[in-house]
file target_34.pdb (PDB, C-alpha atoms)
ATOM      1  CA  MET E   1    -110.339  83.032  20.588
ATOM      2  CA  ALA E   2    -110.933  79.318  20.876
ATOM      3  CA  THR E   3    -112.964  78.326  23.900
ATOM      4  CA  GLU E   4    -112.107  75.262  25.966
ATOM      5  CA  ARG E   5    -114.906  73.332  24.232
ATOM      6  CA  ASN E   6    -113.588  74.289  20.799
ATOM      7  CA  LYS E   7    -110.197  72.863  21.715
ATOM      8  CA  TRP E   8    -111.846  69.493  22.415
ATOM      9  CA  ILE E   9    -113.661  69.669  19.081
ATOM     10  CA  GLU E  10    -110.368  70.407  17.301
ATOM     11  CA  ALA E  11    -108.649  67.560  19.178
ATOM     12  CA  VAL E  12    -111.346  65.051  18.204
ATOM     13  CA  GLY E  13    -111.184  66.408  14.629
ATOM     14  CA  LYS E  14    -107.472  65.620  14.623
ATOM     15  CA  LEU E  15    -108.118  62.082  15.912
ATOM     16  CA  LEU E  16    -110.679  61.700  13.113
ATOM     17  CA  GLU E  17    -108.116  62.808  10.519
ATOM     18  CA  LEU E  18    -105.416  60.484  11.894
ATOM     19  CA  THR E  19    -107.919  57.604  11.887
ATOM     20  CA  GLN E  20    -109.028  58.314   8.317
ATOM     21  CA  ASP E  21    -105.377  58.569   7.208
ATOM     22  CA  ARG E  22    -104.726  55.163   8.914
ATOM     23  CA  GLU E  23    -102.060  56.785  11.105
ATOM     24  CA  LEU E  24    -104.108  55.848  14.131
ATOM     25  CA  VAL E  25    -104.941  52.139  14.146
ATOM     26  CA  TRP E  26    -107.839  50.994  16.301
ATOM     27  CA  GLN E  27    -108.346  47.498  17.705
ATOM     28  CA  THR E  28    -111.585  45.824  18.694
ATOM     29  CA  ARG E  29    -111.768  44.606  22.314
ATOM     30  CA  ASN E  30    -114.334  42.950  24.528
ATOM     31  CA  PRO E  31    -115.714  45.488  27.003
ATOM     32  CA  PRO E  32    -114.040  45.212  30.422
ATOM     33  CA  THR E  33    -116.328  43.728  33.087
ATOM     34  CA  HIS E  34    -116.384  46.911  35.153
ATOM     35  CA  LEU E  35    -117.742  48.829  32.153
ATOM     36  CA  ASN E  36    -120.356  46.247  31.309
ATOM     37  CA  PRO E  37    -121.865  44.790  34.478
ATOM     38  CA  GLN E  38    -124.771  42.375  33.996
ATOM     39  CA  SER E  39    -127.442  45.003  33.964
ATOM     40  CA  GLU E  40    -130.798  45.470  32.334
ATOM     41  CA  TYR E  41    -130.160  49.221  32.295
ATOM     42  CA  ARG E  42    -126.903  49.571  30.328
ATOM     43  CA  ARG E  43    -125.056  47.669  27.635
ATOM     44  CA  ILE E  44    -121.783  47.989  25.703
ATOM     45  CA  ASP E  45    -121.295  45.499  22.861
ATOM     46  CA  VAL E  46    -117.732  46.303  21.881
ATOM     47  CA  VAL E  47    -114.983  48.810  22.665
ATOM     48  CA  TYR E  48    -112.257  50.167  20.372
ATOM     49  CA  GLU E  49    -108.794  51.073  21.605
ATOM     50  CA  THR E  50    -105.790  52.809  20.104
ATOM     51  CA  GLN E  51    -102.409  54.127  21.217
ATOM     52  CA  PHE E  52    -101.625  57.786  20.775
ATOM     53  CA  LYS E  53     -98.194  58.945  22.006
ATOM     54  CA  ASP E  54     -97.971  56.273  24.731
ATOM     55  CA  ARG E  55    -101.515  56.936  25.905
ATOM     56  CA  THR E  56    -104.450  54.622  25.326
ATOM     57  CA  LEU E  57    -107.772  55.921  24.051
ATOM     58  CA  ARG E  58    -110.969  53.897  24.362
ATOM     59  CA  LEU E  59    -114.099  54.544  22.315
ATOM     60  CA  TYR E  60    -117.475  52.853  22.655
ATOM     61  CA  GLU E  61    -121.203  53.247  22.316
ATOM     62  CA  LEU E  62    -123.076  53.022  25.599
ATOM     63  CA  LYS E  63    -126.718  51.972  25.353
ATOM     64  CA  PHE E  64    -128.802  52.763  28.405
ATOM     65  CA  LYS E  65    -132.418  52.441  29.421
ATOM     66  CA  VAL E  66    -134.294  55.619  30.294
ATOM     67  CA  GLU E  67    -137.119  55.189  32.777
ATOM     68  CA  LYS E  68    -140.069  57.542  33.081
ATOM     69  CA  PRO E  69    -139.044  60.462  35.308
ATOM     70  CA  ASN E  70    -140.877  61.041  38.546
ATOM     71  CA  PRO E  71    -143.463  63.750  37.707
ATOM     72  CA  LEU E  72    -142.759  65.451  41.018
ATOM     73  CA  PHE E  73    -139.170  66.119  39.996
ATOM     74  CA  ALA E  74    -139.531  66.506  36.235
ATOM     75  CA  ALA E  75    -139.162  70.014  34.849
ATOM     76  CA  THR E  76    -142.644  71.337  34.048
ATOM     77  CA  SER E  77    -141.945  72.467  30.485
ATOM     78  CA  ALA E  78    -140.301  69.140  29.621
ATOM     79  CA  SER E  79    -143.039  66.962  31.093
ATOM     80  CA  ILE E  80    -145.917  68.778  29.351
ATOM     81  CA  PHE E  81    -144.502  68.174  25.859
ATOM     82  CA  ASP E  82    -142.923  64.806  26.545
ATOM     83  CA  GLN E  83    -144.718  62.292  24.318
ATOM     84  CA  ARG E  84    -142.148  59.496  24.593
ATOM     85  CA  GLN E  85    -143.015  55.943  25.491
ATOM     86  CA  TYR E  86    -141.086  54.820  28.572
ATOM     87  CA  PRO E  87    -138.864  53.022  29.140
ATOM     88  CA  TYR E  88    -136.771  53.493  26.006
ATOM     89  CA  TRP E  89    -133.172  52.806  25.033
ATOM     90  CA  ALA E  90    -130.863  55.739  24.350
ATOM     91  CA  LYS E  91    -127.237  55.709  23.262
ATOM     92  CA  LYS E  92    -124.187  57.826  23.817
ATOM     93  CA  THR E  93    -120.698  57.601  22.347
ATOM     94  CA  VAL E  94    -117.917  57.767  24.927
ATOM     95  CA  LEU E  95    -114.247  58.589  24.296
ATOM     96  CA  GLU E  96    -111.921  58.066  27.232
ATOM     97  CA  LEU E  97    -108.271  58.488  28.031
ATOM     98  CA  LEU E  98    -107.093  55.475  30.046
ATOM     99  CA  ASP E  99    -104.577  55.277  32.860
ATOM    100  CA  GLN E 100    -101.831  52.633  33.008
ATOM    101  CA  ASN E 101    -104.245  50.140  34.630
ATOM    102  CA  GLY E 102    -106.716  50.427  31.758
ATOM    103  CA  LEU E 103    -109.174  52.435  33.817
ATOM    104  CA  SER E 104    -110.825  55.605  32.611
ATOM    105  CA  ALA E 105    -108.742  58.600  33.666
ATOM    106  CA  TRP E 106    -110.732  61.174  31.701
ATOM    107  CA  ALA E 107    -113.849  61.210  29.531
ATOM    108  CA  PHE E 108    -114.004  63.660  26.630
ATOM    109  CA  PRO E 109    -116.936  66.111  26.653
ATOM    110  CA  ASP E 110    -120.074  65.046  24.813
ATOM    111  CA  ILE E 111    -119.682  66.506  21.302
ATOM    112  CA  ASP E 112    -121.023  65.407  17.894
ATOM    113  CA  SER E 113    -117.582  64.744  16.438
ATOM    114  CA  ILE E 114    -117.116  61.800  18.840
ATOM    115  CA  ASP E 115    -120.026  60.100  17.032
ATOM    116  CA  HIS E 116    -118.297  60.871  13.732
ATOM    117  CA  LEU E 117    -115.058  59.375  15.079
ATOM    118  CA  LEU E 118    -116.905  56.172  16.037
ATOM    119  CA  THR E 119    -118.275  55.823  12.493
ATOM    120  CA  SER E 120    -114.768  56.229  11.049
ATOM    121  CA  VAL E 121    -113.298  53.751  13.514
ATOM    122  CA  GLN E 122    -115.960  51.189  12.576
ATOM    123  CA  TYR E 123    -115.229  51.888   8.890
ATOM    124  CA  GLN E 124    -111.527  51.221   9.539
ATOM    125  CA  VAL E 125    -111.960  48.165  11.782
ATOM    126  CA  ALA E 126    -114.508  46.544   9.463
ATOM    127  CA  GLY E 127    -112.084  47.028   6.537
ATOM    128  CA  VAL E 128    -114.753  48.681   4.386
ATOM    129  CA  LYS E 129    -112.278  50.319   1.990
ATOM    130  CA  GLU E 130    -110.396  47.062   1.406
ATOM    131  CA  PHE E 131    -113.669  45.182   0.943
ATOM    132  CA  LEU E 132    -114.874  47.693  -1.656
ATOM    133  CA  ASP E 133    -111.539  47.480  -3.505
ATOM    134  CA  GLU E 134    -111.832  43.676  -3.574
ATOM    135  CA  ILE E 135    -115.375  43.808  -4.934
ATOM    136  CA  LEU E 136    -114.413  46.306  -7.633
ATOM    137  CA  ALA E 137    -111.304  44.303  -8.582
ATOM    138  CA  ALA E 138    -113.396  41.131  -8.883
ATOM    139  CA  ALA E 139    -116.010  42.893 -10.972
ATOM    140  CA  SER E 140    -113.518  44.294 -13.501
TER     141      SER E 140
ATOM    142  CA  MET Q   1    -129.790  73.051  13.239
ATOM    143  CA  LYS Q   2    -130.647  69.381  12.752
ATOM    144  CA  GLU Q   3    -129.857  69.709   9.030
ATOM    145  CA  LEU Q   4    -126.477  71.255   9.807
ATOM    146  CA  THR Q   5    -125.754  68.412  12.233
ATOM    147  CA  THR Q   6    -126.595  65.914   9.483
ATOM    148  CA  SER Q   7    -124.365  67.793   7.007
ATOM    149  CA  SER Q   8    -121.384  67.673   9.366
ATOM    150  CA  GLN Q   9    -121.983  63.946   9.853
ATOM    151  CA  HIS Q  10    -122.112  63.328   6.096
ATOM    152  CA  ILE Q  11    -118.941  65.348   5.495
ATOM    153  CA  SER Q  12    -117.085  63.409   8.204
ATOM    154  CA  GLU Q  13    -118.131  60.167   6.460
ATOM    155  CA  TYR Q  14    -117.025  61.443   3.035
ATOM    156  CA  LEU Q  15    -113.656  62.350   4.554
ATOM    157  CA  ASN Q  16    -113.003  58.608   5.008
ATOM    158  CA  GLU Q  17    -112.243  58.609   1.271
ATOM    159  CA  PHE Q  18    -111.792  62.281   0.439
ATOM    160  CA  GLU Q  19    -110.737  61.950  -3.203
ATOM    161  CA  GLU Q  20    -113.545  59.508  -3.989
ATOM    162  CA  PHE Q  21    -116.199  61.819  -2.603
ATOM    163  CA  ILE Q  22    -115.164  65.279  -3.810
ATOM    164  CA  PRO Q  23    -118.427  65.854  -5.791
ATOM    165  CA  GLN Q  24    -120.547  64.735  -2.815
ATOM    166  CA  ILE Q  25    -118.609  66.981  -0.425
ATOM    167  CA  ALA Q  26    -119.039  69.959  -2.756
ATOM    168  CA  GLU Q  27    -122.770  69.219  -2.999
ATOM    169  CA  GLU Q  28    -123.176  68.842   0.769
ATOM    170  CA  LEU Q  29    -121.316  72.104   1.405
ATOM    171  CA  GLY Q  30    -123.456  73.834  -1.234
ATOM    172  CA  ARG Q  31    -126.610  72.661   0.546
ATOM    173  CA  SER Q  32    -125.184  73.884   3.856
ATOM    174  CA  VAL Q  33    -124.842  77.423   2.480
ATOM    175  CA  GLY Q  34    -128.600  77.548   1.943
ATOM    176  CA  LYS Q  35    -129.286  76.248   5.457
ATOM    177  CA  LEU Q  36    -126.846  78.755   6.942
ATOM    178  CA  LYS Q  37    -128.456  81.661   5.078
ATOM    179  CA  SER Q  38    -131.812  80.645   6.474
ATOM    180  CA  LEU Q  39    -130.353  80.336  10.000
ATOM    181  CA  GLU Q  40    -128.736  83.758   9.723
ATOM    182  CA  ARG Q  41    -132.118  85.338   9.075
ATOM    183  CA  LYS Q  42    -133.579  83.703  12.198
ATOM    184  CA  LEU Q  43    -130.725  84.466  14.601
ATOM    185  CA  SER Q  44    -130.148  87.798  16.210
ATOM    186  CA  SER Q  45    -127.340  87.349  18.721
ATOM    187  CA  SER Q  46    -123.785  85.974  18.868
ATOM    188  CA  PRO Q  47    -124.328  82.693  16.970
ATOM    189  CA  LYS Q  48    -125.346  84.788  13.951
ATOM    190  CA  ALA Q  49    -121.749  85.988  13.498
ATOM    191  CA  SER Q  50    -120.421  82.416  13.697
ATOM    192  CA  VAL Q  51    -123.016  81.206  11.202
ATOM    193  CA  ARG Q  52    -122.132  84.038   8.799
ATOM    194  CA  LYS Q  53    -118.403  83.311   9.155
ATOM    195  CA  LEU Q  54    -118.971  79.620   8.416
ATOM    196  CA  ARG Q  55    -121.126  80.446   5.383
ATOM    197  CA  ARG Q  56    -118.403  82.721   4.009
ATOM    198  CA  SER Q  57    -115.727  80.063   4.638
ATOM    199  CA  ILE Q  58    -117.762  77.523   2.703
ATOM    200  CA  SER Q  59    -118.571  79.939  -0.123
ATOM    201  CA  SER Q  60    -114.891  80.732  -0.638
ATOM    202  CA  CYS Q  61    -113.805  77.085  -0.628
ATOM    203  CA  LYS Q  62    -113.452  75.234  -3.897
ATOM    204  CA  VAL Q  63    -113.405  71.537  -3.104
ATOM    205  CA  SER Q  64    -110.613  69.796  -4.992
ATOM    206  CA  ALA Q  65    -108.034  67.058  -4.453
ATOM    207  CA  ARG Q  66    -105.525  69.699  -3.332
ATOM    208  CA  ASN Q  67    -107.492  71.253  -0.505
ATOM    209  CA  GLU Q  68    -108.491  68.402   1.785
ATOM    210  CA  ALA Q  69    -106.939  70.312   4.700
ATOM    211  CA  ARG Q  70    -109.232  73.297   4.059
ATOM    212  CA  VAL Q  71    -112.301  71.038   3.914
ATOM    213  CA  ARG Q  72    -111.267  69.509   7.243
ATOM    214  CA  GLU Q  73    -110.986  73.022   8.741
ATOM    215  CA  ILE Q  74    -114.491  73.793   7.493
ATOM    216  CA  TYR Q  75    -115.791  70.525   8.962
ATOM    217  CA  ILE Q  76    -114.341  71.491  12.378
ATOM    218  CA  GLU Q  77    -115.821  74.991  12.043
ATOM    219  CA  MET Q  78    -119.194  73.415  11.259
ATOM    220  CA  VAL Q  79    -119.080  71.192  14.366
ATOM    221  CA  ILE Q  80    -118.136  74.240  16.476
ATOM    222  CA  VAL Q  81    -121.090  76.213  15.073
ATOM    223  CA  VAL Q  82    -123.454  73.295  15.749
ATOM    224  CA  GLU Q  83    -122.257  73.180  19.382
ATOM    225  CA  GLU Q  84    -122.696  76.942  19.658
ATOM    226  CA  LEU Q  85    -126.236  76.701  18.301
ATOM    227  CA  LYS Q  86    -127.057  73.890  20.734
ATOM    228  CA  GLN Q  87    -125.819  76.037  23.624
ATOM    229  CA  HIS Q  88    -127.850  78.980  22.307
ATOM    230  CA  GLN Q  89    -130.952  76.751  22.184
ATOM    231  CA  ARG Q  90    -130.341  75.580  25.777
ATOM    232  CA  ASP Q  91    -130.049  79.217  26.898
ATOM    233  CA  LEU Q  92    -133.343  80.048  25.164
ATOM    234  CA  ASP Q  93    -135.047  77.055  26.818
ATOM    235  CA  TRP Q  94    -134.023  78.407  30.228
ATOM    236  CA  GLU Q  95    -135.556  81.786  29.426
ATOM    237  CA  ILE Q  96    -139.011  80.249  28.800
TER     238      ILE Q  96
END
call {"tool": "encode", "arguments": {"input": "target_34.pdb", "output": "structure tokens"}}
result
Amino acid sequence: MATERNKWIEAVGKLLELTQDRELVWQTRNPPTHLNPQSEYRRIDVVYETQFKDRTLRLYELKFKVEKPNPLFAATSASIFDQRQYPYWAKKTVLELLDQNGLSAWAFPDIDSIDHLLTSVQYQVAGVKEFLDEILAAAS
Amino acid sequence: MKELTTSSQHISEYLNEFEEFIPQIAEELGRSVGKLKSLERKLSSSPKASVRKLRRSISSCKVSARNEARVREIYIEMVIVVEELKQHQRDLDWEI
């Protein structure tokens, strides 16, 4: 029986398929101000949006700075083996369902296939397939 | 698990142009079978059954232009197994 998490994975897999089949067309947008406040701790360069059955989906990569955790509150096992240099920048791909005002109504759970979807959206938006076809046509 | 994560990522990229990448998909799936066999030997609880099921799905799939839908099902199954393995790892970390 599919768990709740598996349903999200299947749903994102379907969005991936629709994107790769060009049935779902994504547009590049500037990040809204509320998502990207002037901050030295988080940054979003670009967001991608698409319409799916009258609902808007927004996809973006959030980069955020991770500061060294307070040793008093850090989990013992994690802190002993933690060899990272702080602060460092981490990233997370976010897929959201928007409400009618363009605000996030729901964020999808953090699963690998959202990263895969972002790669396919970038492939589509950048026109990689068309570019390759043009190069090959020019070369022949 | 990291190798399986990388495989699922590669397959999702190849699916951008399925027909162009059929040999690469077949090769990536073939490599995954080896990784899954190795994982099966190391696991002892519930993820083992999922790993075995995925390995059998891959082994019975012949990648061709006519079965893109089946490859997509396997890709989804692979992502589900990766998530299950991550959860299993988190559970083990808590037991330490």
call {"tool": "closest_residue", "arguments": {"input": "target_34.pdb", "among": "Q:Ser57, Q:Val51, Q:Val63, Q:Asp91", "to": "Q:Glu28", "atoms": "only C-alpha atoms"}}
result
Q:Val63
call {"tool": "closest_residue", "arguments": {"input": "target_34.pdb", "among": "Q:Glu68, Q:Glu3, Q:Asp93, Q:Glu83", "to": "Q:Phe18", "atoms": "only C-alpha atoms"}}
result
Q:Glu68
call {"tool": "interface_residues", "arguments": {"input": "target_34.pdb", "of": "chain E", "to": "chain Q", "cutoff": "9 Å", "atoms": "all atoms listed in the file", "output": "short mmCIF file (atom, residue, chain, number, x, y, z; two decimals) with C-alpha atoms, in the frame of the given file"}}
result
data_model
loop_
_atom_site.label_atom_id
_atom_site.label_comp_id
_atom_site.auth_asym_id
_atom_site.auth_seq_id
_atom_site.Cartn_x
_atom_site.Cartn_y
_atom_site.Cartn_z
CA ARG E 5 -114.91 73.33 24.23
CA ASN E 6 -113.59 74.29 20.80
CA ILE E 9 -113.66 69.67 19.08
CA GLU E 10 -110.37 70.41 17.30
CA GLY E 13 -111.18 66.41 14.63
CA LEU E 16 -110.68 61.70 13.11
CA GLU E 17 -108.12 62.81 10.52
CA THR E 19 -107.92 57.60 11.89
CA GLN E 20 -109.03 58.31 8.32
CA ASP E 21 -105.38 58.57 7.21
CA SER E 77 -141.94 72.47 30.48
CA ILE E 111 -119.68 66.51 21.30
CA ASP E 112 -121.02 65.41 17.89
CA SER E 113 -117.58 64.74 16.44
CA ASP E 115 -120.03 60.10 17.03
CA HIS E 116 -118.30 60.87 13.73
CA LEU E 117 -115.06 59.38 15.08
CA THR E 119 -118.28 55.82 12.49
CA SER E 120 -114.77 56.23 11.05
CA TYR E 123 -115.23 51.89 8.89
CA GLN E 124 -111.53 51.22 9.54
CA LYS E 129 -112.28 50.32 1.99
#
call {"tool": "atom_distance", "arguments": {"input": "target_34.pdb", "atom1": "atom CA of E:Lys91", "atom2": "atom CA of E:Lys65"}}
result
8.7 Å
call {"tool": "residues_around", "arguments": {"input": "target_34.pdb", "residues": "E:Leu95", "least_positions_apart": "2", "cutoff": "8 Å", "atoms": "all atoms listed in the file", "output": "VMD selection string"}}
result
chain E and resid 57 to 60 93 97 107 to 108 114
call {"tool": "resolve_selection", "arguments": {"input": "target_34.pdb", "expression": "the PyMOL selection byres ((chain E and resi 48) around 10)", "output": "list in words"}}
result
Val25, Trp26, Gln27, Thr28, Arg29, Asn30, Pro31, Val46, Val47, Glu49, Thr50, Leu57, Arg58, Leu59, Tyr60, Glu61, Leu95, Leu118, Val121, Gln122 and Val125 of chain E
call {"tool": "closest_residue", "arguments": {"input": "target_34.pdb", "among": "Q:Lys2, Q:Ala26, Q:Ser7, Q:Lys37", "to": "Q:Val71", "atoms": "only C-alpha atoms"}}
result
Q:Ala26
call {"tool": "resolve_selection", "arguments": {"input": "target_34.pdb", "expression": "the PyMOL selection byres ((chain Q and resi 33) around 12)", "output": "VMD selection string"}}
result
chain Q and resid 3 to 4 7 26 to 32 34 to 40 51 to 61 78
call {"tool": "atom_distance", "arguments": {"input": "target_34.pdb", "atom1": "atom CA of E:Asp99", "atom2": "atom CA of E:Thr33"}}
result
16.5 Å
call {"tool": "atom_distance", "arguments": {"input": "target_34.pdb", "atom1": "atom CA of E:Leu132", "atom2": "atom CA of Q:Asn67"}}
result
24.7 Å
call {"tool": "resolve_selection", "arguments": {"input": "target_34.pdb", "expression": "the PyMOL selection byres ((chain E and resi 87) around 9)", "output": "list in words"}}
result
Lys65, Val66, Glu67, Lys68, Arg84, Gln85, Tyr86, Tyr88 and Trp89 of chain E
call {"tool": "write_last_selection", "arguments": {"input": "target_34.pdb", "atoms": "C-alpha atoms", "output": "mmCIF file, keeping the file's coordinate frame"}}
result
data_model
loop_
_atom_site.group_PDB
_atom_site.id
_atom_site.type_symbol
_atom_site.label_atom_id
_atom_site.label_comp_id
_atom_site.auth_asym_id
_atom_site.auth_seq_id
_atom_site.Cartn_x
_atom_site.Cartn_y
_atom_site.Cartn_z
ATOM 1 C CA LYS E 65 -132.418 52.441 29.421
ATOM 2 C CA VAL E 66 -134.294 55.619 30.294
ATOM 3 C CA GLU E 67 -137.119 55.189 32.777
ATOM 4 C CA LYS E 68 -140.069 57.542 33.081
ATOM 5 C CA ARG E 84 -142.148 59.496 24.593
ATOM 6 C CA GLN E 85 -143.015 55.943 25.491
ATOM 7 C CA TYR E 86 -141.086 54.820 28.572
ATOM 8 C CA TYR E 88 -136.771 53.493 26.006
ATOM 9 C CA TRP E 89 -133.172 52.806 25.033
#
call {"tool": "build_atoms", "arguments": {"input": "target_34.pdb", "residues": "stretch 49-69 of chain Q", "atoms": "N, CA, C and O atoms", "output": "PDB file, in the frame of the given file"}}
result
ATOM      1  N   ALA Q  49    -123.073  85.664  14.056  1.00  0.00           N
ATOM      2  CA  ALA Q  49    -121.749  85.988  13.498  1.00  0.00           C
ATOM      3  C   ALA Q  49    -120.999  84.711  13.124  1.00  0.00           C
ATOM      4  O   ALA Q  49    -120.350  84.649  12.071  1.00  0.00           O
ATOM      5  N   SER Q  50    -121.115  83.689  13.972  1.00  0.00           N
ATOM      6  CA  SER Q  50    -120.421  82.416  13.697  1.00  0.00           C
ATOM      7  C   SER Q  50    -121.012  81.747  12.463  1.00  0.00           C
ATOM      8  O   SER Q  50    -120.282  81.197  11.633  1.00  0.00           O
ATOM      9  N   VAL Q  51    -122.332  81.809  12.350  1.00  0.00           N
ATOM     10  CA  VAL Q  51    -123.016  81.206  11.202  1.00  0.00           C
ATOM     11  C   VAL Q  51    -122.592  81.920   9.915  1.00  0.00           C
ATOM     12  O   VAL Q  51    -122.277  81.285   8.905  1.00  0.00           O
ATOM     13  N   ARG Q  52    -122.524  83.260   9.981  1.00  0.00           N
ATOM     14  CA  ARG Q  52    -122.132  84.038   8.799  1.00  0.00           C
ATOM     15  C   ARG Q  52    -120.685  83.704   8.396  1.00  0.00           C
ATOM     16  O   ARG Q  52    -120.374  83.516   7.220  1.00  0.00           O
ATOM     17  N   LYS Q  53    -119.821  83.604   9.417  1.00  0.00           N
ATOM     18  CA  LYS Q  53    -118.403  83.311   9.155  1.00  0.00           C
ATOM     19  C   LYS Q  53    -118.267  81.937   8.481  1.00  0.00           C
ATOM     20  O   LYS Q  53    -117.517  81.779   7.524  1.00  0.00           O
ATOM     21  N   LEU Q  54    -119.017  80.970   8.999  1.00  0.00           N
ATOM     22  CA  LEU Q  54    -118.971  79.620   8.416  1.00  0.00           C
ATOM     23  C   LEU Q  54    -119.474  79.648   6.976  1.00  0.00           C
ATOM     24  O   LEU Q  54    -118.869  79.047   6.081  1.00  0.00           O
ATOM     25  N   ARG Q  55    -120.577  80.373   6.741  1.00  0.00           N
ATOM     26  CA  ARG Q  55    -121.126  80.446   5.383  1.00  0.00           C
ATOM     27  C   ARG Q  55    -120.105  81.049   4.416  1.00  0.00           C
ATOM     28  O   ARG Q  55    -119.917  80.549   3.305  1.00  0.00           O
ATOM     29  N   ARG Q  56    -119.409  82.087   4.887  1.00  0.00           N
ATOM     30  CA  ARG Q  56    -118.403  82.721   4.009  1.00  0.00           C
ATOM     31  C   ARG Q  56    -117.220  81.785   3.753  1.00  0.00           C
ATOM     32  O   ARG Q  56    -116.669  81.740   2.663  1.00  0.00           O
ATOM     33  N   SER Q  57    -116.828  81.032   4.807  1.00  0.00           N
ATOM     34  CA  SER Q  57    -115.727  80.063   4.638  1.00  0.00           C
ATOM     35  C   SER Q  57    -116.093  79.037   3.578  1.00  0.00           C
ATOM     36  O   SER Q  57    -115.279  78.701   2.707  1.00  0.00           O
ATOM     37  N   ILE Q  58    -117.328  78.552   3.658  1.00  0.00           N
ATOM     38  CA  ILE Q  58    -117.762  77.523   2.703  1.00  0.00           C
ATOM     39  C   ILE Q  58    -117.828  78.107   1.286  1.00  0.00           C
ATOM     40  O   ILE Q  58    -117.353  77.503   0.323  1.00  0.00           O
ATOM     41  N   SER Q  59    -118.409  79.325   1.200  1.00  0.00           N
ATOM     42  CA  SER Q  59    -118.571  79.939  -0.123  1.00  0.00           C
ATOM     43  C   SER Q  59    -117.238  80.183  -0.815  1.00  0.00           C
ATOM     44  O   SER Q  59    -117.148  80.140  -2.052  1.00  0.00           O
ATOM     45  N   SER Q  60    -116.194  80.431  -0.016  1.00  0.00           N
ATOM     46  CA  SER Q  60    -114.891  80.732  -0.638  1.00  0.00           C
ATOM     47  C   SER Q  60    -114.040  79.474  -0.842  1.00  0.00           C
ATOM     48  O   SER Q  60    -112.895  79.563  -1.284  1.00  0.00           O
ATOM     49  N   CYS Q  61    -114.586  78.324  -0.505  1.00  0.00           N
ATOM     50  CA  CYS Q  61    -113.805  77.085  -0.628  1.00  0.00           C
ATOM     51  C   CYS Q  61    -114.191  76.317  -1.880  1.00  0.00           C
ATOM     52  O   CYS Q  61    -115.351  75.954  -2.064  1.00  0.00           O
ATOM     53  N   LYS Q  62    -113.197  76.070  -2.731  1.00  0.00           N
ATOM     54  CA  LYS Q  62    -113.452  75.234  -3.897  1.00  0.00           C
ATOM     55  C   LYS Q  62    -112.916  73.842  -3.563  1.00  0.00           C
ATOM     56  O   LYS Q  62    -111.718  73.682  -3.329  1.00  0.00           O
ATOM     57  N   VAL Q  63    -113.823  72.885  -3.510  1.00  0.00           N
ATOM     58  CA  VAL Q  63    -113.405  71.537  -3.104  1.00  0.00           C
ATOM     59  C   VAL Q  63    -112.656  70.869  -4.253  1.00  0.00           C
ATOM     60  O   VAL Q  63    -113.191  70.708  -5.349  1.00  0.00           O
ATOM     61  N   SER Q  64    -111.402  70.512  -3.984  1.00  0.00           N
ATOM     62  CA  SER Q  64    -110.613  69.796  -4.992  1.00  0.00           C
ATOM     63  C   SER Q  64    -109.629  68.881  -4.267  1.00  0.00           C
ATOM     64  O   SER Q  64    -109.489  68.957  -3.042  1.00  0.00           O
ATOM     65  N   ALA Q  65    -108.958  68.038  -5.047  1.00  0.00           N
ATOM     66  CA  ALA Q  65    -108.034  67.058  -4.453  1.00  0.00           C
ATOM     67  C   ALA Q  65    -106.909  67.733  -3.668  1.00  0.00           C
ATOM     68  O   ALA Q  65    -106.298  67.118  -2.796  1.00  0.00           O
ATOM     69  N   ARG Q  66    -106.657  69.013  -3.983  1.00  0.00           N
ATOM     70  CA  ARG Q  66    -105.525  69.699  -3.332  1.00  0.00           C
ATOM     71  C   ARG Q  66    -105.885  70.395  -2.030  1.00  0.00           C
ATOM     72  O   ARG Q  66    -104.994  70.894  -1.339  1.00  0.00           O
ATOM     73  N   ASN Q  67    -107.178  70.487  -1.719  1.00  0.00           N
ATOM     74  CA  ASN Q  67    -107.492  71.253  -0.505  1.00  0.00           C
ATOM     75  C   ASN Q  67    -108.279  70.465   0.546  1.00  0.00           C
ATOM     76  O   ASN Q  67    -109.174  70.990   1.180  1.00  0.00           O
ATOM     77  N   GLU Q  68    -107.877  69.219   0.740  1.00  0.00           N
ATOM     78  CA  GLU Q  68    -108.491  68.402   1.785  1.00  0.00           C
ATOM     79  C   GLU Q  68    -108.353  69.085   3.153  1.00  0.00           C
ATOM     80  O   GLU Q  68    -109.289  69.086   3.948  1.00  0.00           O
ATOM     81  N   ALA Q  69    -107.182  69.676   3.394  1.00  0.00           N
ATOM     82  CA  ALA Q  69    -106.939  70.312   4.700  1.00  0.00           C
ATOM     83  C   ALA Q  69    -107.950  71.428   4.952  1.00  0.00           C
ATOM     84  O   ALA Q  69    -108.461  71.582   6.068  1.00  0.00           O
TER      85      ALA Q  69
END
